[in-house]
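Structure file run_19.txt (compact mmCIF, C-alpha atoms and all ligand atoms) follows.
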```
# COMPACT_ATOMS: atom_id res chain seq x y z
CA MET Y 792 80.09 103.32 88.56
CA TYR Y 793 81.90 105.53 91.05
CA GLY Y 794 80.40 108.90 90.16
CA ASP Y 795 81.54 109.40 86.56
CA LEU Y 796 84.23 106.73 86.80
CA ARG Y 797 83.32 103.45 85.12
CA LEU Y 798 84.96 100.51 86.88
CA LYS Y 799 86.09 97.43 84.97
CA SER Y 800 84.16 95.13 87.30
CA ARG Y 801 82.45 95.22 90.66
CA TYR Y 802 85.32 93.35 92.32
CA LEU Y 803 87.77 95.66 94.02
CA LEU Y 804 91.09 95.25 95.78
CA SER Y 805 90.93 96.27 99.44
CA PRO Y 806 94.00 98.11 100.71
CA LEU Y 807 96.46 96.03 102.75
CA ALA Y 808 99.25 98.29 104.02
CA GLY Y 809 102.61 96.87 102.98
CA PHE Y 810 101.18 94.52 100.35
CA THR Y 811 98.83 96.20 97.88
CA ASN Y 812 101.62 98.26 96.40
CA LEU Y 813 102.09 99.03 92.71
CA PRO Y 814 103.86 95.76 91.78
CA PHE Y 815 101.04 93.74 93.35
CA ARG Y 816 98.32 95.86 91.75
CA ARG Y 817 100.01 95.46 88.36
CA ILE Y 818 100.04 91.67 88.50
CA VAL Y 819 96.42 91.55 89.65
CA HIS Y 820 95.39 93.88 86.80
CA GLU Y 821 97.29 91.65 84.37
CA ILE Y 822 95.51 88.54 85.57
CA GLY Y 823 92.25 90.40 85.01
CA GLY Y 824 88.90 90.91 86.68
CA MET Y 825 89.83 93.62 89.18
CA GLY Y 826 87.61 96.69 88.88
CA LEU Y 827 89.75 99.11 90.87
CA GLY Y 828 92.90 98.94 92.97
CA THR Y 829 93.48 101.14 95.99
CA THR Y 830 96.82 102.15 97.47
CA ASP Y 831 97.74 101.54 101.10
CA LEU Y 832 96.67 104.31 103.38
CA VAL Y 833 98.69 107.52 102.93
CA ASN Y 834 98.98 110.21 105.57
CA ALA Y 835 97.50 113.46 104.18
CA ARG Y 836 100.14 115.49 105.96
CA SER Y 837 103.01 113.45 104.58
CA LEU Y 838 101.59 113.98 101.07
CA LEU Y 839 101.44 117.75 101.61
CA GLU Y 840 104.98 117.75 102.96
CA ARG Y 841 106.00 115.89 99.78
CA ARG Y 842 107.63 113.07 101.73
CA GLN Y 843 109.32 110.37 99.69
CA LYS Y 844 107.35 107.68 101.56
CA ALA Y 845 104.08 109.25 100.40
CA PHE Y 846 105.34 109.37 96.80
CA ASP Y 847 106.37 105.72 96.99
CA LEU Y 848 102.85 104.85 98.14
CA ILE Y 849 101.07 106.74 95.35
CA ALA Y 850 103.41 105.54 92.58
CA THR Y 851 101.43 104.30 89.59
CA HIS Y 852 101.82 103.00 86.03
CA PRO Y 853 99.59 102.90 82.92
CA ASP Y 854 98.79 99.24 83.74
CA ASP Y 855 97.49 100.31 87.18
CA SER Y 856 94.36 101.94 85.86
CA PRO Y 857 91.93 102.84 87.31
CA PHE Y 858 93.44 103.39 90.73
CA SER Y 859 92.38 105.08 93.91
CA VAL Y 860 94.54 106.59 96.63
CA GLN Y 861 93.45 106.12 100.21
CA ILE Y 862 94.18 109.04 102.53
CA PHE Y 863 93.84 109.42 106.26
CA GLY Y 864 93.94 112.31 108.69
CA ASN Y 865 91.60 114.25 110.93
CA ASP Y 866 92.30 117.81 109.79
CA PRO Y 867 89.70 118.88 107.20
CA SER Y 868 91.89 121.48 105.51
CA ARG Y 869 94.81 119.09 105.21
CA MET Y 870 92.58 116.34 103.84
CA ARG Y 871 91.09 118.82 101.35
CA ASP Y 872 94.52 120.01 100.21
CA ALA Y 873 95.79 116.45 99.91
CA ALA Y 874 92.77 115.54 97.77
CA GLN Y 875 93.38 118.52 95.47
CA PHE Y 876 97.02 117.55 95.16
CA LEU Y 877 96.00 114.00 94.19
CA GLU Y 878 93.56 115.28 91.59
CA GLU Y 879 96.35 117.24 89.93
CA TYR Y 880 98.69 114.25 90.24
CA GLY Y 881 96.20 112.23 88.16
CA VAL Y 882 94.54 109.67 90.39
CA ASP Y 883 91.13 108.31 89.36
CA SER Y 884 89.43 108.29 92.73
CA ILE Y 885 90.09 109.20 96.36
CA ASP Y 886 89.23 106.99 99.30
CA ILE Y 887 89.00 108.28 102.87
CA ASN Y 888 90.12 105.80 105.52
CA MET Y 889 87.69 105.59 108.42
CA GLY Y 890 88.28 101.95 109.20
CA CYS Y 891 91.84 101.60 110.40
CA PRO Y 892 91.77 100.33 114.00
CA VAL Y 893 95.51 100.70 114.67
CA GLU Y 894 96.29 102.90 117.68
CA ARG Y 895 98.98 104.89 115.83
CA ILE Y 896 96.27 106.09 113.42
CA THR Y 897 93.27 106.37 115.78
CA LYS Y 898 95.10 108.34 118.46
CA THR Y 899 95.47 111.18 115.97
CA GLY Y 900 91.68 111.11 115.46
CA GLY Y 901 92.03 109.38 112.06
CA GLY Y 902 90.97 105.89 110.87
CA SER Y 903 88.14 104.32 112.83
CA ALA Y 904 88.26 107.06 115.51
CA MET Y 905 86.39 109.15 112.94
CA MET Y 906 83.40 106.89 113.47
CA CYS Y 907 82.90 108.40 116.94
CA ASP Y 908 82.28 112.06 116.09
CA THR Y 909 79.51 112.39 113.54
CA ASN Y 910 79.41 116.13 112.90
CA GLU Y 911 83.13 116.70 112.59
CA THR Y 912 83.53 113.67 110.38
CA VAL Y 913 80.74 114.58 107.99
CA ARG Y 914 82.19 118.09 107.74
CA LEU Y 915 85.61 116.69 106.91
CA VAL Y 916 84.25 114.35 104.24
CA LYS Y 917 82.19 117.17 102.72
CA SER Y 918 85.23 119.43 102.53
CA VAL Y 919 87.08 116.74 100.54
CA VAL Y 920 84.11 116.06 98.22
CA ASP Y 921 83.62 119.78 97.55
CA ALA Y 922 87.29 120.32 96.78
CA VAL Y 923 87.64 117.90 93.84
CA ARG Y 924 85.80 116.71 90.74
CA LEU Y 925 87.00 113.13 91.29
CA PRO Y 926 84.79 110.54 92.94
CA VAL Y 927 85.41 110.42 96.69
CA THR Y 928 84.65 107.19 98.54
CA VAL Y 929 84.80 106.24 102.21
CA LYS Y 930 85.98 102.97 103.71
CA MET Y 931 84.73 102.23 107.19
CA ARG Y 932 83.95 99.56 109.74
CA LEU Y 933 80.51 98.99 111.30
CA GLY Y 934 81.38 101.30 114.17
CA TRP Y 935 83.72 101.70 117.12
CA ASP Y 936 82.20 98.80 119.08
CA ALA Y 937 78.97 96.80 119.30
CA THR Y 938 77.26 99.58 121.27
CA GLN Y 939 78.10 102.19 118.65
CA ILE Y 940 77.11 100.90 115.21
CA THR Y 941 77.38 104.20 113.40
CA ALA Y 942 78.02 103.03 109.83
CA PRO Y 943 74.42 103.18 108.53
CA ARG Y 944 73.97 106.75 109.78
CA PHE Y 945 77.29 107.84 108.35
CA ALA Y 946 76.56 106.18 105.03
CA ARG Y 947 73.32 108.15 104.70
CA GLU Y 948 74.97 111.43 105.61
CA PHE Y 949 77.93 110.80 103.33
CA GLU Y 950 75.60 110.16 100.42
CA GLN Y 951 73.93 113.49 101.09
CA VAL Y 952 77.25 115.37 100.97
CA GLY Y 953 78.19 113.72 97.66
CA VAL Y 954 80.28 110.64 98.44
CA ALA Y 955 80.36 108.32 95.40
CA ALA Y 956 80.46 104.94 97.19
CA ILE Y 957 80.94 103.33 100.59
CA ALA Y 958 83.10 100.29 101.31
CA ILE Y 959 82.17 98.58 104.52
CA HIS Y 960 84.19 95.99 106.45
CA GLY Y 961 81.64 94.06 108.49
CA ARG Y 962 83.43 94.29 111.83
CA THR Y 963 83.69 96.92 114.55
CA ARG Y 964 86.96 98.58 115.51
CA GLU Y 965 86.90 96.69 118.80
CA GLN Y 966 86.71 93.37 116.98
CA GLY Y 967 89.94 93.94 115.09
CA PHE Y 968 90.06 90.84 112.88
CA THR Y 969 88.38 88.47 115.34
CA GLY Y 970 85.00 86.85 115.00
CA THR Y 971 83.18 86.66 111.70
CA VAL Y 972 81.96 89.35 109.39
CA ASP Y 973 78.51 90.60 110.31
CA ARG Y 974 76.71 90.53 106.99
CA SER Y 975 73.47 91.80 108.53
CA GLY Y 976 75.44 94.91 109.62
CA ILE Y 977 76.56 95.40 106.01
CA ARG Y 978 72.96 94.98 104.91
CA GLN Y 979 71.93 97.84 107.20
CA VAL Y 980 74.40 100.08 105.40
CA VAL Y 981 73.03 98.98 102.02
CA GLU Y 982 69.53 99.83 103.21
CA ALA Y 983 70.58 103.17 104.64
CA VAL Y 984 71.62 104.71 101.30
CA GLU Y 985 69.41 105.64 98.36
CA ARG Y 986 71.53 105.34 95.23
CA ILE Y 987 75.25 105.11 95.80
CA PRO Y 988 76.98 101.74 95.57
CA VAL Y 989 77.88 99.95 98.78
CA ILE Y 990 80.86 97.62 98.60
CA GLY Y 991 80.81 94.68 101.02
CA ASN Y 992 84.13 93.66 102.55
CA GLY Y 993 85.51 91.04 104.86
CA ASP Y 994 86.54 87.37 104.81
CA ILE Y 995 85.95 86.72 101.12
CA LEU Y 996 88.29 83.94 100.06
CA THR Y 997 86.25 82.14 97.43
CA VAL Y 998 83.56 82.64 94.81
CA ALA Y 999 81.07 81.00 97.21
CA ASP Y 1000 81.93 83.60 99.88
CA ALA Y 1001 81.29 86.40 97.37
CA ASP Y 1002 77.98 84.84 96.34
CA ARG Y 1003 76.89 84.76 99.99
CA MET Y 1004 77.96 88.38 100.50
CA PHE Y 1005 75.83 89.52 97.54
CA HIS Y 1006 72.82 87.49 98.61
CA GLU Y 1007 72.82 88.30 102.28
CA THR Y 1008 73.66 91.99 102.08
CA GLY Y 1009 72.36 93.19 98.70
CA CYS Y 1010 75.69 94.99 98.21
CA ASP Y 1011 76.61 96.32 94.75
CA GLY Y 1012 80.23 95.23 94.74
CA ILE Y 1013 82.80 93.41 96.79
CA SER Y 1014 86.26 94.32 97.94
CA ILE Y 1015 88.82 91.69 98.76
CA GLY Y 1016 92.01 92.10 100.76
CA ARG Y 1017 93.58 89.00 102.30
CA GLY Y 1018 91.77 86.73 99.86
CA ALA Y 1019 93.50 88.51 96.97
CA LEU Y 1020 96.92 87.98 98.50
CA ALA Y 1021 96.13 84.33 99.02
CA ASN Y 1022 94.73 84.00 95.50
CA PRO Y 1023 95.45 86.89 93.10
CA TRP Y 1024 93.34 85.03 90.50
CA ILE Y 1025 90.16 85.52 92.55
CA PHE Y 1026 88.98 88.60 90.59
CA ARG Y 1027 89.22 86.76 87.30
CA GLN Y 1028 87.42 83.79 88.81
CA LEU Y 1029 84.61 86.08 89.99
CA VAL Y 1030 84.15 87.68 86.58
CA GLN Y 1031 84.18 84.26 84.89
CA TRP Y 1032 81.58 83.05 87.41
CA GLU Y 1033 79.42 86.09 86.80
CA LEU Y 1034 79.55 85.63 83.01
CA THR Y 1035 79.41 81.86 82.68
CA GLY Y 1036 78.55 80.32 86.05
CA SER Y 1037 81.88 78.50 86.22
CA PHE Y 1038 85.49 79.55 86.66
CA ASP Y 1039 89.08 78.37 86.26
CA PRO Y 1040 90.63 76.43 89.14
CA PRO Y 1041 93.14 78.16 91.41
CA SER Y 1042 96.76 78.34 90.41
CA ASN Y 1043 99.48 75.73 90.81
CA PHE Y 1044 103.09 75.96 91.97
CA ASP Y 1045 104.55 76.97 88.62
CA ASP Y 1046 101.91 79.69 88.03
CA ARG Y 1047 102.61 81.15 91.40
CA LEU Y 1048 106.38 81.13 91.03
CA ALA Y 1049 106.04 82.88 87.67
CA LEU Y 1050 103.79 85.47 89.30
CA LEU Y 1051 106.22 86.00 92.16
CA LEU Y 1052 109.06 86.65 89.71
CA ARG Y 1053 106.98 89.06 87.65
CA GLN Y 1054 105.98 90.97 90.74
CA PHE Y 1055 109.60 91.13 91.86
CA GLY Y 1056 110.55 92.45 88.43
CA TYR Y 1057 108.04 95.31 88.82
CA LEU Y 1058 109.49 96.10 92.24
CA CYS Y 1059 112.94 96.34 90.63
CA GLU Y 1060 111.56 98.97 88.24
CA LEU Y 1061 110.86 101.16 91.28
CA HIS Y 1062 113.85 100.54 93.54
CA PRO Y 1063 117.53 99.61 93.25
CA GLU Y 1064 117.76 95.81 92.94
CA ARG Y 1065 119.47 95.20 96.28
CA ARG Y 1066 116.80 97.21 98.07
CA ALA Y 1067 114.07 95.38 96.16
CA VAL Y 1068 115.46 92.02 97.34
CA VAL Y 1069 115.06 93.10 100.97
CA MET Y 1070 111.69 94.79 100.39
CA PHE Y 1071 110.29 91.68 98.76
CA ARG Y 1072 111.00 89.42 101.77
CA LYS Y 1073 107.63 89.95 103.45
CA MET Y 1074 105.63 89.30 100.31
CA GLY Y 1075 107.89 86.42 99.28
CA HIS Y 1076 107.53 84.76 102.66
CA TRP Y 1077 103.76 84.59 102.34
CA TYR Y 1078 103.86 83.38 98.78
CA LEU Y 1079 106.40 80.66 99.48
CA LYS Y 1080 104.55 79.39 102.52
CA GLY Y 1081 101.40 79.03 100.47
CA MET Y 1082 103.44 77.25 97.80
CA ARG Y 1083 104.55 74.62 100.33
CA VAL Y 1084 108.20 75.41 99.90
CA ARG Y 1085 110.33 73.57 102.44
CA PRO Y 1086 111.44 75.72 105.42
CA HIS Y 1087 115.18 75.56 104.67
CA LEU Y 1088 114.58 76.85 101.13
CA ARG Y 1089 112.31 79.63 102.43
CA HIS Y 1090 115.07 80.53 104.83
CA GLN Y 1091 117.59 80.69 101.99
CA PHE Y 1092 115.22 83.07 100.18
CA GLN Y 1093 114.72 85.20 103.30
CA ILE Y 1094 118.42 85.78 103.91
CA SER Y 1095 119.35 86.63 100.33
CA ARG Y 1096 120.68 90.16 100.02
CA THR Y 1097 121.82 90.35 96.42
CA ILE Y 1098 120.31 89.45 93.07
CA PRO Y 1099 122.60 86.40 92.57
CA GLU Y 1100 121.61 85.11 96.04
CA PHE Y 1101 117.94 85.76 95.26
CA GLU Y 1102 118.26 83.93 91.94
CA SER Y 1103 120.00 80.94 93.42
CA ALA Y 1104 117.30 80.66 96.15
CA ILE Y 1105 114.62 80.76 93.45
CA THR Y 1106 116.41 78.13 91.35
CA ALA Y 1107 116.58 75.82 94.38
CA ILE Y 1108 112.87 76.40 95.07
CA GLN Y 1109 111.97 75.80 91.44
CA THR Y 1110 113.98 72.58 91.31
CA ALA Y 1111 112.57 71.19 94.57
CA GLY Y 1112 108.91 71.97 93.77
CA PRO Y 1113 106.22 71.90 96.47
CA HIS Y 1114 106.73 69.76 99.53
CA GLY Y 1115 104.40 66.76 99.60
CA ALA Y 1116 102.51 67.67 96.43
CA SER Y 1117 102.90 67.74 92.68
CA ARG Y 1118 103.87 71.02 91.02
CA THR Y 1119 100.79 70.86 88.83
CA ASP Y 1120 98.40 70.32 91.79
CA GLN Y 1121 96.22 73.21 92.80
CA LEU Y 1122 97.60 74.93 95.85
CA PRO Y 1123 95.54 75.32 99.00
CA ASP Y 1124 94.59 78.87 99.84
CA LEU Y 1125 97.27 80.70 101.69
CA HIS Y 1126 96.52 81.66 105.27
CA VAL Y 1127 97.19 85.36 105.68
CA PRO Y 1128 98.10 86.27 109.27
CA VAL Y 1129 96.54 89.35 110.87
CA PRO Y 1130 97.45 91.37 113.94
CA SER Y 1131 96.05 89.71 117.06
CA GLY Y 1132 95.47 90.54 120.71
CA PRO Y 1133 93.73 93.70 121.95
CA VAL Y 1134 93.61 96.31 119.17
CA GLU Y 1135 94.98 98.89 121.62
CA ARG Y 1136 98.35 97.18 121.43
CA TRP Y 1137 98.75 96.74 117.66
C1 LIG Y 1201 97.91 93.63 106.88
C2 LIG Y 1201 96.67 94.46 106.66
C3 LIG Y 1201 96.79 95.79 106.27
C4 LIG Y 1201 95.64 96.59 106.05
N1 LIG Y 1201 95.78 97.88 105.63
C5 LIG Y 1201 94.67 98.63 105.38
C6 LIG Y 1201 94.78 99.97 104.88
O1 LIG Y 1201 95.87 100.50 104.65
N2 LIG Y 1201 93.63 100.67 104.67
C7 LIG Y 1201 92.38 100.12 104.91
O2 LIG Y 1201 91.36 100.78 104.70
N3 LIG Y 1201 92.26 98.86 105.35
C8 LIG Y 1201 93.37 98.11 105.58
N4 LIG Y 1201 93.22 96.82 106.01
C9 LIG Y 1201 91.86 96.24 106.10
C10 LIG Y 1201 91.50 95.57 104.77
O3 LIG Y 1201 91.43 96.47 103.70
C11 LIG Y 1201 90.13 94.85 104.86
O4 LIG Y 1201 89.14 95.79 105.20
C12 LIG Y 1201 90.13 93.74 105.90
O5 LIG Y 1201 91.33 93.00 105.84
C13 LIG Y 1201 88.93 92.81 105.70
O6 LIG Y 1201 88.89 92.34 104.37
P1 LIG Y 1201 89.54 90.93 103.93
O7 LIG Y 1201 88.95 89.89 104.85
O8 LIG Y 1201 89.12 90.77 102.50
O9 LIG Y 1201 91.02 91.04 104.12
C14 LIG Y 1201 94.35 96.03 106.25
C15 LIG Y 1201 94.24 94.68 106.66
C16 LIG Y 1201 95.37 93.90 106.86
C17 LIG Y 1201 95.22 92.45 107.26
```
Will you turn the file into structure tokens for me?
Ligand SMILES: Cc1cc2nc3c(=O)[nH]c(=O)nc-3n(C[C@H](O)[C@H](O)[C@H](O)COP(=O)(O)O)c2cc1C
Amino acid sequence: MYGDLRLKSRYLLSPLAGFTNLPFRRIVHEIGGMGLGTTDLVNARSLLERRQKAFDLIATHPDDSPFSVQIFGNDPSRMRDAAQFLEEYGVDSIDINMGCPVERITKTGGGSAMMCDTNETVRLVKSVVDAVRLPVTVKMRLGWDATQITAPRFAREFEQVGVAAIAIHGRTREQGFTGTVDRSGIRQVVEAVERIPVIGNGDILTVADADRMFHETGCDGISIGRGALANPWIFRQLVQWELTGSFDPPSNFDDRLALLLRQFGYLCELHPERRAVVMFRKMGHWYLKGMRVRPHLRHQFQISRTIPEFESAITAIQTAGPHGASRTDQLPDLHVPVPSGPVERW
């Protein structure tokens, strides 16, 4: 439960800017098992200024239920007003981003920079909680760096001001995506709160990873980002595992191609087709790599600009099948690249 909101499962989709958009959330909901999807982070100011980009990010559909919108910003009154706007718009839950390590976000005092100033941050979160009836959650990292592990203290204070749940990525801002997730750090957050659910996050690619997260941290739920892109069936697998102890194998080439086309179809419901073809390149690239599509066919897909070009690239991919494997084989998990190098330069 997130406050009064009953989730369909305790397996949640973690926001991945540029990927966890409405078409992706729809296909994951259709596959089943996902308790709640969250939008990419949305700038509170851009919402209040009614920017088209903000409206694109909060677009939803009856199949996308329940859904949460993640907002960021460091101005309490703007964050409060944005939350009230979202409540009227009809979202189910509001998530405050305190984890984003990217300089563009932190230099404005938003994202993980909020983990440095306790009093201001708790005041901001309280002003959002007090302004709406919806559940308000916070997503954070363990702290700014290893010398400032502030997440447990924040979690306790957030619970006291009425936050409904905490999602915690078990890395510091300084770590970016390097190293491994510190599950003992997540455990400290679990132990710091009295009642509210704590959602463990980071590096979950398989059911075994989720099992370890539950056991080692005592968390109430799990959120999955890159692992869901690599395997959108993971939520269903987790629910099957929870109910029966076993779960369906991962998808094969044909399943994934069908999924890709369905997702593209949902994108075309939102944007003119030619624009959708270009917008889908990034997502398509990752899918096709994981599907072991030969480079020249991936290239043909990447340069298509029109629907007929897109369709002929897909037909060629479908005909060729996966390189070096059978189309009914299970596919290996897709490697999802992350920003690298010092976080200051992302
Ligand atoms: C490309 C990319 C975009 C991300 N965008 C967001 C975002 O908009 N908001 C957020 O809170 N976290 C964002 N994250 C962090 C993820 O939600 C998640 O906390 C992190 O990737 C660790 O979980 P995972 O190992 O399951 O991916 C992003 C991560 C990646 C790789």
List every residue of chain Y that has an atom at most 10 Å from any atom of ligand LIG 1201 (chain Y), and for each one report the closest atom pair and its distance in Å to one decimal, counting all atoms listed in the file, with rows sorted by chain and then by increasing residue number, as CSV.
```
residue,atom,partner,partner_atom,distance
Y:Leu803,CA,Y:LIG1201,O8,9.9
Y:Leu804,CA,Y:LIG1201,O3,8.0
Y:Ser805,CA,Y:LIG1201,O3,4.3
Y:Pro806,CA,Y:LIG1201,O3,4.3
Y:Leu807,CA,Y:LIG1201,C4,3.4
Y:Ala808,CA,Y:LIG1201,N1,3.8
Y:Gly809,CA,Y:LIG1201,C3,6.8
Y:Phe810,CA,Y:LIG1201,C1,7.4
Y:Thr811,CA,Y:LIG1201,N1,8.5
Y:Thr829,CA,Y:LIG1201,N2,8.7
Y:Thr830,CA,Y:LIG1201,O1,7.4
Y:Asp831,CA,Y:LIG1201,O1,4.1
Y:Leu832,CA,Y:LIG1201,O1,4.1
Y:Val833,CA,Y:LIG1201,O1,7.8
Y:Gln861,CA,Y:LIG1201,N2,7.0
Y:Ile862,CA,Y:LIG1201,N2,8.7
Y:Phe863,CA,Y:LIG1201,N2,8.9
Y:Asp886,CA,Y:LIG1201,O2,8.5
Y:Ile887,CA,Y:LIG1201,O2,8.1
Y:Asn888,CA,Y:LIG1201,O2,5.2
Y:Met889,CA,Y:LIG1201,O2,7.1
Y:Gly890,CA,Y:LIG1201,O2,5.6
Y:Cys891,CA,Y:LIG1201,C7,5.7
Y:Pro892,CA,Y:LIG1201,N3,8.8
Y:Val893,CA,Y:LIG1201,N1,9.5
Y:Gly902,CA,Y:LIG1201,O2,8.0
Y:Ser903,CA,Y:LIG1201,O2,9.4
Y:Val929,CA,Y:LIG1201,O2,8.9
Y:Lys930,CA,Y:LIG1201,O2,5.9
Y:Met931,CA,Y:LIG1201,O2,7.2
Y:Arg932,CA,Y:LIG1201,O4,7.9
Y:Ala958,CA,Y:LIG1201,O4,8.5
Y:Ile959,CA,Y:LIG1201,O4,7.5
Y:His960,CA,Y:LIG1201,O4,5.1
Y:Gly961,CA,Y:LIG1201,C13,7.9
Y:Arg962,CA,Y:LIG1201,C13,8.4
Y:Gly967,CA,Y:LIG1201,C12,9.2
Y:Phe968,CA,Y:LIG1201,O5,7.5
Y:Thr971,CA,Y:LIG1201,O7,9.5
Y:Val972,CA,Y:LIG1201,O7,8.4
Y:Gly991,CA,Y:LIG1201,O6,9.1
Y:Asn992,CA,Y:LIG1201,O6,5.3
Y:Gly993,CA,Y:LIG1201,O7,3.6
Y:Asp994,CA,Y:LIG1201,O7,3.5
Y:Ile995,CA,Y:LIG1201,O8,5.3
Y:Leu996,CA,Y:LIG1201,O8,7.3
Y:Ile1013,CA,Y:LIG1201,O8,8.9
Y:Ser1014,CA,Y:LIG1201,O8,6.4
Y:Ile1015,CA,Y:LIG1201,O8,3.9
Y:Gly1016,CA,Y:LIG1201,O8,3.6
Y:Arg1017,CA,Y:LIG1201,O9,3.7
Y:Gly1018,CA,Y:LIG1201,O8,5.5
Y:Ala1019,CA,Y:LIG1201,O8,7.4
Y:Leu1020,CA,Y:LIG1201,O9,8.7
Y:Ala1021,CA,Y:LIG1201,O9,9.9
Y:Val1127,CA,Y:LIG1201,C17,7.5
Y:Pro1128,CA,Y:LIG1201,C17,7.1
Y:Val1129,CA,Y:LIG1201,C17,4.9
Y:Pro1130,CA,Y:LIG1201,C17,7.1
```
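The space separating atom CA of Arg914 of chain Y from atom CA of Ala873 of chain Y comes to 15.8 Å.
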Do you have the atom CA of Arg817 of chain Y-atom CA of Ser1037 of chain Y distance handy? 24.9 Å
Find the residues near Gln1093 of chain Y: any atom within 9 Å, counting only C-alpha atoms, skip ones fewer than 4 places away on the same chain, and give them as JSON, numbers by chain. {"Y": [1069, 1072, 1073, 1075, 1076, 1088, 1089, 1101, 1104]}
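Counting from atom CA of Gly881 of chain Y, the distance to atom CA of Leu925 of chain Y is 9.8 Å.
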Can you pull out every residue within 10 Å of Gly900 of chain Y, counting only C-alpha atoms, but drop anything in the same chain fewer than 2 positions away, and send it as a list in words? Phe863, Gly864, Asn865, Asp866, Met889, Glu894, Arg895, Ile896, Thr897, Lys898, Gly902, Ser903, Ala904, Met905, Met906, Cys907, Asp908 and Thr912 of chain Y
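Taking all atoms listed in the file into account, those protein, DNA and RNA residues with any atom at most 10 Å away from (86.8, 97.7, 83.8) amount to Y:Met792, Y:Leu796, Y:Arg797, Y:Leu798, Y:Lys799, Y:Ser800, Y:Arg801, Y:Tyr802, Y:His820, Y:Gly823, Y:Gly824, Y:Met825, Y:Gly826, Y:Leu827, Y:Ser856, Y:Pro857.
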Taking C-alpha atoms for each residue, export the selection above as a tab-separated table (two decimals), keeping the file's coordinate frame.
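Listed below is the output, result30.tsv:
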```tsv
chain	number	residue	atom	x	y	z
Y	792	MET	CA	80.09	103.32	88.56
Y	796	LEU	CA	84.23	106.73	86.80
Y	797	ARG	CA	83.32	103.45	85.12
Y	798	LEU	CA	84.96	100.51	86.88
Y	799	LYS	CA	86.09	97.43	84.97
Y	800	SER	CA	84.16	95.13	87.30
Y	801	ARG	CA	82.45	95.22	90.66
Y	802	TYR	CA	85.32	93.35	92.32
Y	820	HIS	CA	95.39	93.88	86.80
Y	823	GLY	CA	92.25	90.40	85.01
Y	824	GLY	CA	88.90	90.91	86.68
Y	825	MET	CA	89.83	93.62	89.18
Y	826	GLY	CA	87.61	96.69	88.88
Y	827	LEU	CA	89.75	99.11	90.87
Y	856	SER	CA	94.36	101.94	85.86
Y	857	PRO	CA	91.93	102.84	87.31
```
Pop segment 981-994 of chain Y out of the structure in the block and write N, CA and C atoms as a tab-separated table (two decimals), in the first residue's frame.
```tsv
chain	number	residue	atom	x	y	z
Y	981	VAL	N	15.66	0.74	5.80
Y	981	VAL	CA	14.51	-0.08	6.25
Y	981	VAL	C	14.38	0.02	7.77
Y	982	GLU	N	15.52	-0.05	8.45
Y	982	GLU	CA	15.50	-0.04	9.92
Y	982	GLU	C	15.19	1.34	10.49
Y	983	ALA	N	15.41	2.37	9.67
Y	983	ALA	CA	15.21	3.72	10.18
Y	983	ALA	C	13.74	4.13	10.25
Y	984	VAL	N	12.88	3.46	9.46
Y	984	VAL	CA	11.47	3.88	9.46
Y	984	VAL	C	10.63	2.96	10.35
Y	985	GLU	N	9.45	3.44	10.73
Y	985	GLU	CA	8.61	2.61	11.60
Y	985	GLU	C	7.61	1.77	10.82
Y	986	ARG	N	6.87	2.40	9.91
Y	986	ARG	CA	5.77	1.70	9.26
Y	986	ARG	C	5.79	1.75	7.74
Y	987	ILE	N	6.27	2.86	7.19
Y	987	ILE	CA	6.07	3.03	5.74
Y	987	ILE	C	6.93	2.03	4.95
Y	988	PRO	N	6.43	1.64	3.76
Y	988	PRO	CA	7.21	0.71	2.96
Y	988	PRO	C	8.50	1.34	2.42
Y	989	VAL	N	9.54	0.53	2.41
Y	989	VAL	CA	10.80	0.94	1.77
Y	989	VAL	C	11.00	0.03	0.55
Y	990	ILE	N	11.27	0.68	-0.57
Y	990	ILE	CA	11.42	-0.05	-1.83
Y	990	ILE	C	12.91	-0.09	-2.18
Y	991	GLY	N	13.46	-1.30	-2.26
Y	991	GLY	CA	14.88	-1.45	-2.58
Y	991	GLY	C	15.10	-1.35	-4.08
Y	992	ASN	N	16.18	-0.69	-4.48
Y	992	ASN	CA	16.43	-0.49	-5.92
Y	992	ASN	C	17.92	-0.60	-6.22
Y	993	GLY	N	18.18	-1.17	-7.39
Y	993	GLY	CA	19.54	-1.19	-7.91
Y	993	GLY	C	20.01	-2.58	-8.30
Y	994	ASP	N	20.36	-2.71	-9.60
Y	994	ASP	CA	21.03	-3.91	-10.13
Y	994	ASP	C	20.18	-5.18	-10.10
```
